[in-house]
Amino acid sequence: MEFLSDIASLINSTLRISTPLVFAAMAGIFAERSGVIDFSLEGKMLMAAFVAAVGSYFLGNPWLGLLLAIIACVSLSMLHGFASVTYKGDQVVSCVAINILIIGLTTALAAAWFGQAGLTPTLTEDQRFLEVNLPFAESLRDVPILGTIYSDILSGHYIFVYLAYLTVPIVFWVVFKTSFGLRLRAVGENPSAVDTAGINVFAMRYKALAINGVLIAFAGAHLSTAVNANFFREMSAGRGYLALAAMIFGKWHPKTALVACLLFGFTDALQIRLQGVELPAIGEIPVQLIQALPYVLTVVLLAGFVGKAIAPNAIGQPYIKER
Amino acid sequence: MVSPILELANINKSFGHVQANKNINLTINKGTIHGIIGENGAGKSTLMSIVFGLYQANSGTIKVNGKEINLRSPKDSIINGIGMVHQHFMLVENFTVLENIILGFEGELVFGKNLEKAKKDLKNLCDTYKLNIDLNSTISDLSVGFRQRVEILKSLYRGAEILILDEPTGVLTPQEVDELFKILRSLNEEGKTIVLITHKLIEIMDLTSEVSVMRQGEMVGHTKTKDTNKEKLAEMMVGRSVLLRLDKSELKTGDVVFKVEDLTVKDDLDVTRVKNVNLEIRAGEILGLAGVTGNGQTELLEALSGIRKVESGEIYLDGKKVSDSQNFLDPRELKEKGLAHVPEDRQRMGLVTDFKAYENLIFGYHDQQPFSKSSILNHKDIISHSKKIMEEYDVRPQSPNLITSNFSGGNQQKIILSRELNEKPKVLLVGQPTRGVDIGAIEFIHQRLIEMRDRGAAILLVSVELDEVLSLSDRIVVMFDGKIVGEKENKNVTDRELGLLMAGVV
């Protein structure tokens, strides 16, 4: 039985840990399917975490914090669009600029407002999101297997966890079953074809970036107002890049990107469990080595398996209408 | 009773300092096939992009059916019944035919009822005009000819009454051209107005009923096709009389100087592009290699010039083996052995376009005397050499210090040609020597190639322009899907015969 509950808690943490990755990967899909590289998922996630924590602290309501985070991230996406869509700057440079800006900005603002570099005050229970217990979770716990799945794996997560997994089928539907999705995919493949069909290429890319901003805000808010009760310096910890890797590994497709996110989440959950555990014959594995696991996996997967990942054809290229 | 369907008045358009269209006036009558002819860079495509709403004119008016319209985007022109088939197809390659056609005209937010209706309408259109297109096939699986039909179908579905085609035959085999012309004629019979943009005189004579000629951004004349001929049109295009036929002296061949045995080459994606090719070129002959773009010509040229690795097979120069899969000479060593290469893509491989003309004029030979001594460039000699050679090859403007990208396509090509021919190579590999080059320069380049041949060089001419291959070559081989599918002496061979080979039919 202990083994079963170990597995259940591992899956439970996988779902939780994967949540920001899922939001970020879905955000990435919108931007990159429209032909705009989004390296700035990392910076935007950090910004969202900061704004959500601060907003929620001052306004006393985590939902208002989330709303502010959405506004902040959409603004950053627009900034990225302004630089790289309207002014045709280099998209990677624009993203790197945003990432660096946000690291400095969040640290400096926290220092100015709260006197601690890169740390915001701890949120009270009213100011943050709490775990959601699904109905009858307690009473059903003792039902064999199904009870464990329902009560120990599915129940007791933050609202963002449920939202994240709900987002995936919605993204799939929007991208593949609607005319907006058709235009989105077309604009990332051949913007000239979209232009000559009488659709505004720039407007399409801005729309995609706006959706990207909304989605990434959820990832940040999850970190600072749900899993944690405050913001701390560089708390996104490379999750934006990891999500980008998951998206590429998933070939810019929501379903496979989800699988990749879960895989990364699982290795992270596993490394937490493995810390301090004595393995037979090997002994205790150094913490640093275990912590590197998800990142090593990223490199291995990207280098080894995704050789044939075909990116949207026009990605990274600003659309120049007149020669 | 003829009535104008499209009227342009005083259209002006500039890109930066370049005025692409100057005071253009043009009237296109309903139900005609109207040709617009002019050299590359004459402003034809720009003008039609304005009509299609892709570019906005700086000034001027456009009327459709007598009513003035304001074209802010392609949407406006599509609404007014104007459709355009661009030179580079505006298709999303990994979409299906259906997805490409409904793009922008889905008529519903979530796919459902309208999609079914669109399928039915498209099937009817296909039947009416005998387009024979499977709506569910993916564009990347279709041949160029079929992709073009998809473009035509797209315009028809969007309600085009005027169909503009920009250089539609550039990428087609002669048979595909026939098919296209058949489709265009049947569209015309159904009352559609067709505007054909081309630089090929024969197409104008074949298909159109009226023709307008453009030169350097200006409209220089309108006429009924039956009142003119090729020579007159060419003169109007260029502004002086040109030789349309090449005079070639009797063939006097020597020994085989260049030989390719069983050559196989892969591209960057590890796809085999050249399959067991055998070639022999004698001194004093031009071997023409015909074929539709993308059948392995590029990879073959790259392997022969030492840029790309040979997978298997052997290459001999002057009877000595220079390359096989194990040992190969790099381009510099090949150059020293007397092999010169004029690459297909002149701006990517032939030139550093951001460099000055004199630098490009000596590239590859820059470490030889008198251009440099102990690795230090000798500026004075380079400049005087550049001036001399620019005069000899009629490169305009004759200023060695000008940045190369400021020269026209034809003059850029002359820069490469002069550099490579100046060393009097034994073997010359030439790829697409006149792509994007104006008629005047074509004439010049062709004469130079013939001169080289008469001097005893072995020349491999790779070109997708069948006319060029036919007029220059002594012998012609046709490449299809990486293989040599036919060889013909250039006597009494017709473009039809070659076209069948190019399409892989025979």
# chains A, B, ... in the order shown; residues from 1 in each chain; ligands from 1
>>> select_by_dssp(residues="stretch 60-304 of chain A", states="strand (DSSP E)", output="short mmCIF file (atom, residue, chain, number, x, y, z; two decimals) with N, CA, C and O atoms, in the first residue's frame")
data_model
loop_
_atom_site.label_atom_id
_atom_site.label_comp_id
_atom_site.auth_asym_id
_atom_site.auth_seq_id
_atom_site.Cartn_x
_atom_site.Cartn_y
_atom_site.Cartn_z
N GLU A 131 -5.93 25.27 -2.02
CA GLU A 131 -6.19 24.01 -2.69
C GLU A 131 -7.70 23.76 -2.79
O GLU A 131 -8.45 24.09 -1.88
N VAL A 132 -8.11 23.18 -3.87
CA VAL A 132 -9.52 22.90 -4.09
C VAL A 132 -9.76 21.42 -3.82
O VAL A 132 -9.14 20.56 -4.46
N HIS A 157 -5.91 20.05 -5.59
CA HIS A 157 -4.96 20.90 -6.33
C HIS A 157 -5.40 22.36 -6.30
O HIS A 157 -6.55 22.66 -5.98
N TYR A 158 -4.48 23.23 -6.67
CA TYR A 158 -4.85 24.64 -6.85
C TYR A 158 -5.68 24.76 -8.13
O TYR A 158 -5.54 23.97 -9.06
N GLU A 278 18.80 6.74 -0.21
CA GLU A 278 19.95 5.87 -0.46
C GLU A 278 19.58 4.84 -1.52
O GLU A 278 18.63 4.08 -1.35
N LEU A 279 20.27 4.84 -2.64
CA LEU A 279 20.00 3.83 -3.64
C LEU A 279 20.94 2.65 -3.42
O LEU A 279 22.10 2.84 -3.07
N GLY A 283 24.46 4.34 -3.40
CA GLY A 283 24.47 5.22 -2.23
C GLY A 283 23.68 6.48 -2.52
O GLY A 283 22.88 6.52 -3.47
N GLU A 284 23.90 7.50 -1.74
CA GLU A 284 23.13 8.71 -1.92
C GLU A 284 23.67 9.52 -3.10
O GLU A 284 24.89 9.74 -3.22
#
>>> residues_around(residues="stretch 199-205 of chain A", least_positions_apart="2", cutoff="9 Å", atoms="only C-alpha atoms", output="list in words")
Ala31, Ser34, Gly35, Val36, Gly81, Val85, Thr86, Phe180, Arg183, Leu184, Val187, Gly188, Pro191, Ser192, Val194, Asp195, Thr196, Ala197, Lys207, Ala208, Leu209, Ala210 and Tyr319 of chain A; Ser73, Pro74, Lys75, Leu103 and Gly104 of chain B
>>> atom_distance(atom1="atom CA of B:Val144", atom2="atom CA of A:Glu189")
18.3 Å
>>> residues_around(residues="A:Ser77", least_positions_apart="5", cutoff="9 Å", atoms="only C-alpha atoms", output="MDAnalysis selection string")
chainID A and resid 40 44 72 82 206 209:210 212:213
>>> write_last_selection(atoms="C-alpha atoms", output="PDB file, in the first residue's frame")
ATOM      1  CA  SER A  40      10.421  35.755 -23.313  1.00  0.00           C
ATOM      2  CA  LYS A  44       6.791  37.100 -18.640  1.00  0.00           C
ATOM      3  CA  ALA A  72       1.211  43.088 -17.331  1.00  0.00           C
ATOM      4  CA  PHE A  82       5.962  46.294 -31.273  1.00  0.00           C
ATOM      5  CA  TYR A 206      -0.727  40.814 -32.361  1.00  0.00           C
ATOM      6  CA  LEU A 209       0.624  37.549 -28.839  1.00  0.00           C
ATOM      7  CA  ALA A 210      -2.281  38.860 -26.762  1.00  0.00           C
ATOM      8  CA  ASN A 212       0.058  34.352 -25.356  1.00  0.00           C
ATOM      9  CA  GLY A 213       0.182  37.085 -22.695  1.00  0.00           C
TER      10      GLY A 213
END
>>> closest_residue(among="B:Ile5, B:Leu26, B:Leu115, B:Ile62", to="chain A", atoms="only C-alpha atoms")
B:Leu115
>>> residues_around(residues="B:Gly284", least_positions_apart="4", cutoff="9 Å", atoms="only C-alpha atoms", output="list in words")
Leu251, Lys252, Thr253, Gly254, Asp255, Met452, Arg453, Asp454, Arg455, Gly456, Ala457, Ala458 and Ile459 of chain B
>>> interface_residues(of="chain B", to="chain A", cutoff="9 Å", atoms="only C-alpha atoms", output="ChimeraX atom specification")
/B:15,52-55,73-78,84,89-95,99-111
>>> residues_around(residues="B:Ile152", least_positions_apart="3", cutoff="9 Å", atoms="only C-alpha atoms", output="list in words")
Gly83, Met84, Val85, Arg147, Gln148, Arg149, Ser155, Leu156, Tyr157, Leu163 and Leu165 of chain B
>>> write_last_selection(atoms="all heavy atoms", output="JSON list (two decimals), in the first residue's frame")
[["chain", "number", "residue", "atom", "x", "y", "z"],
["B", 83, "GLY", "N", -8.43, 38.85, -59.12],
["B", 83, "GLY", "CA", -7.67, 37.75, -58.54],
["B", 83, "GLY", "C", -6.28, 37.74, -59.12],
["B", 83, "GLY", "O", -6.06, 38.22, -60.23],
["B", 84, "MET", "N", -5.32, 37.25, -58.35],
["B", 84, "MET", "CA", -3.95, 37.26, -58.87],
["B", 84, "MET", "C", -3.24, 35.95, -58.55],
["B", 84, "MET", "O", -3.31, 35.46, -57.43],
["B", 84, "MET", "CB", -3.18, 38.44, -58.27],
["B", 84, "MET", "CG", -1.77, 38.57, -58.79],
["B", 84, "MET", "SD", -1.15, 40.26, -58.55],
["B", 84, "MET", "CE", 0.55, 40.08, -59.09],
["B", 85, "VAL", "N", -2.57, 35.41, -59.55],
["B", 85, "VAL", "CA", -1.71, 34.25, -59.35],
["B", 85, "VAL", "C", -0.28, 34.77, -59.37],
["B", 85, "VAL", "O", 0.21, 35.21, -60.40],
["B", 85, "VAL", "CB", -1.92, 33.19, -60.44],
["B", 85, "VAL", "CG1", -0.95, 32.04, -60.26],
["B", 85, "VAL", "CG2", -3.35, 32.69, -60.43],
["B", 147, "ARG", "N", 0.01, 23.14, -58.34],
["B", 147, "ARG", "CA", -0.05, 24.23, -57.37],
["B", 147, "ARG", "C", -0.60, 25.49, -58.04],
["B", 147, "ARG", "O", -1.37, 26.24, -57.47],
["B", 147, "ARG", "CB", 1.34, 24.54, -56.81],
["B", 147, "ARG", "CG", 1.83, 23.45, -55.90],
["B", 147, "ARG", "CD", 3.17, 23.78, -55.32],
["B", 147, "ARG", "NE", 3.78, 22.54, -54.85],
["B", 147, "ARG", "CZ", 4.80, 22.47, -54.02],
["B", 147, "ARG", "NH1", 5.33, 23.57, -53.55],
["B", 147, "ARG", "NH2", 5.28, 21.32, -53.65],
["B", 148, "GLN", "N", -0.18, 25.68, -59.28],
["B", 148, "GLN", "CA", -0.65, 26.85, -60.01],
["B", 148, "GLN", "C", -2.15, 26.77, -60.24],
["B", 148, "GLN", "O", -2.86, 27.77, -60.11],
["B", 148, "GLN", "CB", 0.09, 26.92, -61.34],
["B", 148, "GLN", "CG", -0.07, 28.23, -62.04],
["B", 148, "GLN", "CD", 0.88, 28.30, -63.19],
["B", 148, "GLN", "OE1", 0.93, 27.39, -64.01],
["B", 148, "GLN", "NE2", 1.65, 29.35, -63.25],
["B", 149, "ARG", "N", -2.63, 25.56, -60.53],
["B", 149, "ARG", "CA", -4.08, 25.39, -60.70],
["B", 149, "ARG", "C", -4.81, 25.70, -59.41],
["B", 149, "ARG", "O", -5.92, 26.25, -59.44],
["B", 149, "ARG", "CB", -4.40, 23.96, -61.12],
["B", 149, "ARG", "CG", -3.99, 23.66, -62.52],
["B", 149, "ARG", "CD", -4.57, 22.34, -62.92],
["B", 149, "ARG", "NE", -3.84, 21.82, -64.06],
["B", 149, "ARG", "CZ", -4.13, 20.69, -64.66],
["B", 149, "ARG", "NH1", -5.12, 19.95, -64.19],
["B", 149, "ARG", "NH2", -3.43, 20.28, -65.69],
["B", 155, "SER", "N", -8.53, 31.88, -56.81],
["B", 155, "SER", "CA", -9.03, 33.16, -57.31],
["B", 155, "SER", "C", -10.47, 33.05, -57.78],
["B", 155, "SER", "O", -11.30, 33.92, -57.52],
["B", 155, "SER", "CB", -8.17, 33.66, -58.46],
["B", 155, "SER", "OG", -6.93, 34.09, -57.97],
["B", 156, "LEU", "N", -10.78, 31.94, -58.48],
["B", 156, "LEU", "CA", -12.14, 31.76, -59.00],
["B", 156, "LEU", "C", -13.13, 31.64, -57.84],
["B", 156, "LEU", "O", -14.20, 32.23, -57.86],
["B", 156, "LEU", "CB", -12.22, 30.50, -59.87],
["B", 156, "LEU", "CG", -11.41, 30.54, -61.16],
["B", 156, "LEU", "CD1", -11.50, 29.20, -61.86],
["B", 156, "LEU", "CD2", -11.92, 31.65, -62.08],
["B", 157, "TYR", "N", -12.75, 30.87, -56.81],
["B", 157, "TYR", "CA", -13.63, 30.67, -55.65],
["B", 157, "TYR", "C", -13.92, 32.01, -54.97],
["B", 157, "TYR", "O", -15.00, 32.25, -54.47],
["B", 157, "TYR", "CB", -12.97, 29.71, -54.67],
["B", 157, "TYR", "CG", -13.79, 29.48, -53.42],
["B", 157, "TYR", "CD1", -14.97, 28.74, -53.47],
["B", 157, "TYR", "CD2", -13.37, 30.00, -52.19],
["B", 157, "TYR", "CE1", -15.72, 28.53, -52.33],
["B", 157, "TYR", "CE2", -14.12, 29.80, -51.05],
["B", 157, "TYR", "CZ", -15.30, 29.07, -51.12],
["B", 157, "TYR", "OH", -16.04, 28.86, -49.99],
["B", 163, "LEU", "N", -8.44, 37.98, -63.88],
["B", 163, "LEU", "CA", -7.42, 37.11, -63.32],
["B", 163, "LEU", "C", -6.04, 37.56, -63.82],
["B", 163, "LEU", "O", -5.78, 37.56, -65.01],
["B", 163, "LEU", "CB", -7.68, 35.66, -63.71],
["B", 163, "LEU", "CG", -6.79, 34.61, -63.07],
["B", 163, "LEU", "CD1", -7.01, 34.57, -61.57],
["B", 163, "LEU", "CD2", -7.05, 33.24, -63.67],
["B", 165, "LEU", "N", -2.06, 36.95, -63.98],
["B", 165, "LEU", "CA", -1.05, 35.91, -63.78],
["B", 165, "LEU", "C", 0.33, 36.51, -63.98],
["B", 165, "LEU", "O", 0.62, 37.08, -65.03],
["B", 165, "LEU", "CB", -1.26, 34.74, -64.75],
["B", 165, "LEU", "CG", -2.56, 33.98, -64.55],
["B", 165, "LEU", "CD1", -3.51, 34.29, -65.68],
["B", 165, "LEU", "CD2", -2.31, 32.50, -64.43]]
>>> residues_around(residues="stretch 431-435 of chain B", least_positions_apart="2", cutoff="7 Å", atoms="only C-alpha atoms", output="list of chain:residue names")
B:Val342, B:Pro343, B:Glu344, B:Leu429, B:Val437, B:Ile442, B:Leu461, B:Val462, B:Ser463, B:Val464
>>> write_last_selection(atoms="N, CA, C and O atoms", output="PDB file, in the first residue's frame")
ATOM      1  N   VAL B 342      30.239  29.333 -62.469  1.00  0.00           N
ATOM      2  CA  VAL B 342      29.324  30.461 -62.319  1.00  0.00           C
ATOM      3  C   VAL B 342      28.074  29.902 -61.645  1.00  0.00           C
ATOM      4  O   VAL B 342      27.277  29.227 -62.285  1.00  0.00           O
ATOM      5  N   PRO B 343      27.919  30.151 -60.332  1.00  0.00           N
ATOM      6  CA  PRO B 343      26.861  29.445 -59.601  1.00  0.00           C
ATOM      7  C   PRO B 343      25.456  29.905 -59.965  1.00  0.00           C
ATOM      8  O   PRO B 343      25.257  31.005 -60.454  1.00  0.00           O
ATOM      9  N   GLU B 344      24.500  29.022 -59.704  1.00  0.00           N
ATOM     10  CA  GLU B 344      23.102  29.295 -60.018  1.00  0.00           C
ATOM     11  C   GLU B 344      22.577  30.517 -59.281  1.00  0.00           C
ATOM     12  O   GLU B 344      21.887  31.353 -59.839  1.00  0.00           O
ATOM     13  N   LEU B 429      31.552  25.601 -65.619  1.00  0.00           N
ATOM     14  CA  LEU B 429      30.235  25.175 -65.179  1.00  0.00           C
ATOM     15  C   LEU B 429      29.391  26.417 -64.989  1.00  0.00           C
ATOM     16  O   LEU B 429      29.762  27.303 -64.229  1.00  0.00           O
ATOM     17  N   VAL B 437      17.939  38.397 -65.763  1.00  0.00           N
ATOM     18  CA  VAL B 437      18.836  39.289 -66.497  1.00  0.00           C
ATOM     19  C   VAL B 437      18.068  39.875 -67.688  1.00  0.00           C
ATOM     20  O   VAL B 437      17.291  39.172 -68.328  1.00  0.00           O
ATOM     21  N   ILE B 442      21.389  39.436 -71.685  1.00  0.00           N
ATOM     22  CA  ILE B 442      21.317  38.023 -72.094  1.00  0.00           C
ATOM     23  C   ILE B 442      22.087  37.823 -73.381  1.00  0.00           C
ATOM     24  O   ILE B 442      22.914  36.925 -73.511  1.00  0.00           O
ATOM     25  N   LEU B 461      26.222  23.807 -69.288  1.00  0.00           N
ATOM     26  CA  LEU B 461      25.239  24.860 -69.090  1.00  0.00           C
ATOM     27  C   LEU B 461      23.996  24.269 -68.416  1.00  0.00           C
ATOM     28  O   LEU B 461      23.318  23.434 -69.007  1.00  0.00           O
ATOM     29  N   VAL B 462      23.739  24.687 -67.196  1.00  0.00           N
ATOM     30  CA  VAL B 462      22.546  24.217 -66.506  1.00  0.00           C
ATOM     31  C   VAL B 462      21.534  25.351 -66.508  1.00  0.00           C
ATOM     32  O   VAL B 462      21.841  26.454 -66.047  1.00  0.00           O
ATOM     33  N   SER B 463      20.369  25.097 -67.073  1.00  0.00           N
ATOM     34  CA  SER B 463      19.394  26.174 -67.152  1.00  0.00           C
ATOM     35  C   SER B 463      17.984  25.604 -67.157  1.00  0.00           C
ATOM     36  O   SER B 463      17.733  24.539 -67.703  1.00  0.00           O
ATOM     37  N   VAL B 464      17.084  26.332 -66.504  1.00  0.00           N
ATOM     38  CA  VAL B 464      15.682  25.918 -66.575  1.00  0.00           C
ATOM     39  C   VAL B 464      14.982  26.589 -67.747  1.00  0.00           C
ATOM     40  O   VAL B 464      13.842  26.279 -68.058  1.00  0.00           O
TER      41      VAL B 464
END
>>> select_by_dssp(residues="stretch 166-248 of chain A", states="helix (DSSP H, G or I)", output="mmCIF file with C-alpha atoms, in the first residue's frame")
data_model
loop_
_atom_site.group_PDB
_atom_site.id
_atom_site.type_symbol
_atom_site.label_atom_id
_atom_site.label_comp_id
_atom_site.auth_asym_id
_atom_site.auth_seq_id
_atom_site.Cartn_x
_atom_site.Cartn_y
_atom_site.Cartn_z
ATOM 1 C CA LEU A 166 -8.568 22.295 -19.376
ATOM 2 C CA THR A 167 -6.634 24.769 -21.530
ATOM 3 C CA VAL A 168 -4.986 22.072 -23.625
ATOM 4 C CA PRO A 169 -8.117 20.736 -25.399
ATOM 5 C CA ILE A 170 -9.348 24.303 -25.830
ATOM 6 C CA VAL A 171 -6.076 25.316 -27.471
ATOM 7 C CA PHE A 172 -6.267 22.249 -29.688
ATOM 8 C CA TRP A 173 -9.807 23.133 -30.712
ATOM 9 C CA VAL A 174 -8.980 26.771 -31.411
ATOM 10 C CA VAL A 175 -5.847 25.989 -33.402
ATOM 11 C CA PHE A 176 -7.253 23.169 -35.501
ATOM 12 C CA LYS A 177 -11.012 23.560 -35.658
ATOM 13 C CA SER A 179 -11.035 29.778 -38.815
ATOM 14 C CA PHE A 180 -8.919 31.780 -36.375
ATOM 15 C CA GLY A 181 -6.703 28.729 -35.938
ATOM 16 C CA LEU A 182 -6.419 28.242 -39.690
ATOM 17 C CA ARG A 183 -5.305 31.842 -40.107
ATOM 18 C CA LEU A 184 -2.958 31.549 -37.136
ATOM 19 C CA ARG A 185 -1.215 28.516 -38.592
ATOM 20 C CA ALA A 186 -1.111 30.066 -42.042
ATOM 21 C CA VAL A 187 0.468 33.272 -40.834
ATOM 22 C CA GLY A 188 3.299 31.327 -39.248
ATOM 23 C CA GLU A 189 3.845 29.256 -42.350
ATOM 24 C CA PRO A 191 2.460 35.261 -44.222
ATOM 25 C CA SER A 192 2.314 36.294 -47.872
ATOM 26 C CA ALA A 193 -0.470 33.763 -48.436
ATOM 27 C CA VAL A 194 -2.382 35.319 -45.563
ATOM 28 C CA ASP A 195 -1.790 38.836 -46.814
ATOM 29 C CA VAL A 201 -0.707 39.760 -41.067
ATOM 30 C CA PHE A 202 0.321 42.169 -38.344
ATOM 31 C CA ALA A 203 -3.089 42.115 -36.664
ATOM 32 C CA MET A 204 -3.032 38.308 -36.655
ATOM 33 C CA ARG A 205 0.354 38.265 -34.959
ATOM 34 C CA TYR A 206 -0.727 40.814 -32.361
ATOM 35 C CA LYS A 207 -3.843 38.769 -31.598
ATOM 36 C CA ALA A 208 -1.729 35.658 -31.133
ATOM 37 C CA LEU A 209 0.624 37.549 -28.839
ATOM 38 C CA ALA A 210 -2.281 38.860 -26.762
ATOM 39 C CA ILE A 211 -3.515 35.309 -26.141
ATOM 40 C CA ASN A 212 0.058 34.352 -25.356
ATOM 41 C CA GLY A 213 0.182 37.085 -22.695
ATOM 42 C CA VAL A 214 -3.039 35.934 -21.042
ATOM 43 C CA LEU A 215 -1.920 32.305 -20.830
ATOM 44 C CA ILE A 216 1.548 32.977 -19.504
ATOM 45 C CA ALA A 217 0.081 35.172 -16.730
ATOM 46 C CA PHE A 218 -1.631 32.090 -15.273
ATOM 47 C CA ALA A 219 1.732 30.317 -15.032
ATOM 48 C CA GLY A 220 3.253 33.159 -13.024
ATOM 49 C CA ALA A 221 0.262 33.604 -10.735
ATOM 50 C CA HIS A 222 0.344 29.878 -10.020
ATOM 51 C CA LEU A 223 3.906 30.205 -8.749
ATOM 52 C CA SER A 224 3.523 33.209 -6.446
ATOM 53 C CA THR A 225 -0.094 33.153 -5.289
ATOM 54 C CA ALA A 226 -0.863 29.433 -5.171
ATOM 55 C CA VAL A 227 2.119 27.106 -4.734
ATOM 56 C CA ARG A 239 10.518 27.129 -16.358
ATOM 57 C CA GLY A 240 9.850 29.411 -19.322
ATOM 58 C CA TYR A 241 12.778 27.931 -21.209
ATOM 59 C CA LEU A 242 11.769 24.435 -20.152
ATOM 60 C CA ALA A 243 8.260 25.056 -21.478
ATOM 61 C CA LEU A 244 9.718 26.322 -24.731
ATOM 62 C CA ALA A 245 11.731 23.121 -24.985
ATOM 63 C CA ALA A 246 8.587 21.095 -24.262
ATOM 64 C CA MET A 247 6.747 22.967 -26.987
ATOM 65 C CA ILE A 248 9.488 22.282 -29.522
#
>>> atom_distance(atom1="atom CA of A:Glu138", atom2="atom CA of A:Leu15")
19.9 Å
>>> residues_around(residues="A:Ala53", least_positions_apart="6", cutoff="12 Å", atoms="only C-alpha atoms", output="number ranges by chain")
A: 46-47, 59-69, 106, 110, 118-124, 127-129, 217, 220-232, 235
>>> atom_distance(atom1="atom CA of A:Ile17", atom2="atom CA of A:Ser94")
28.2 Å
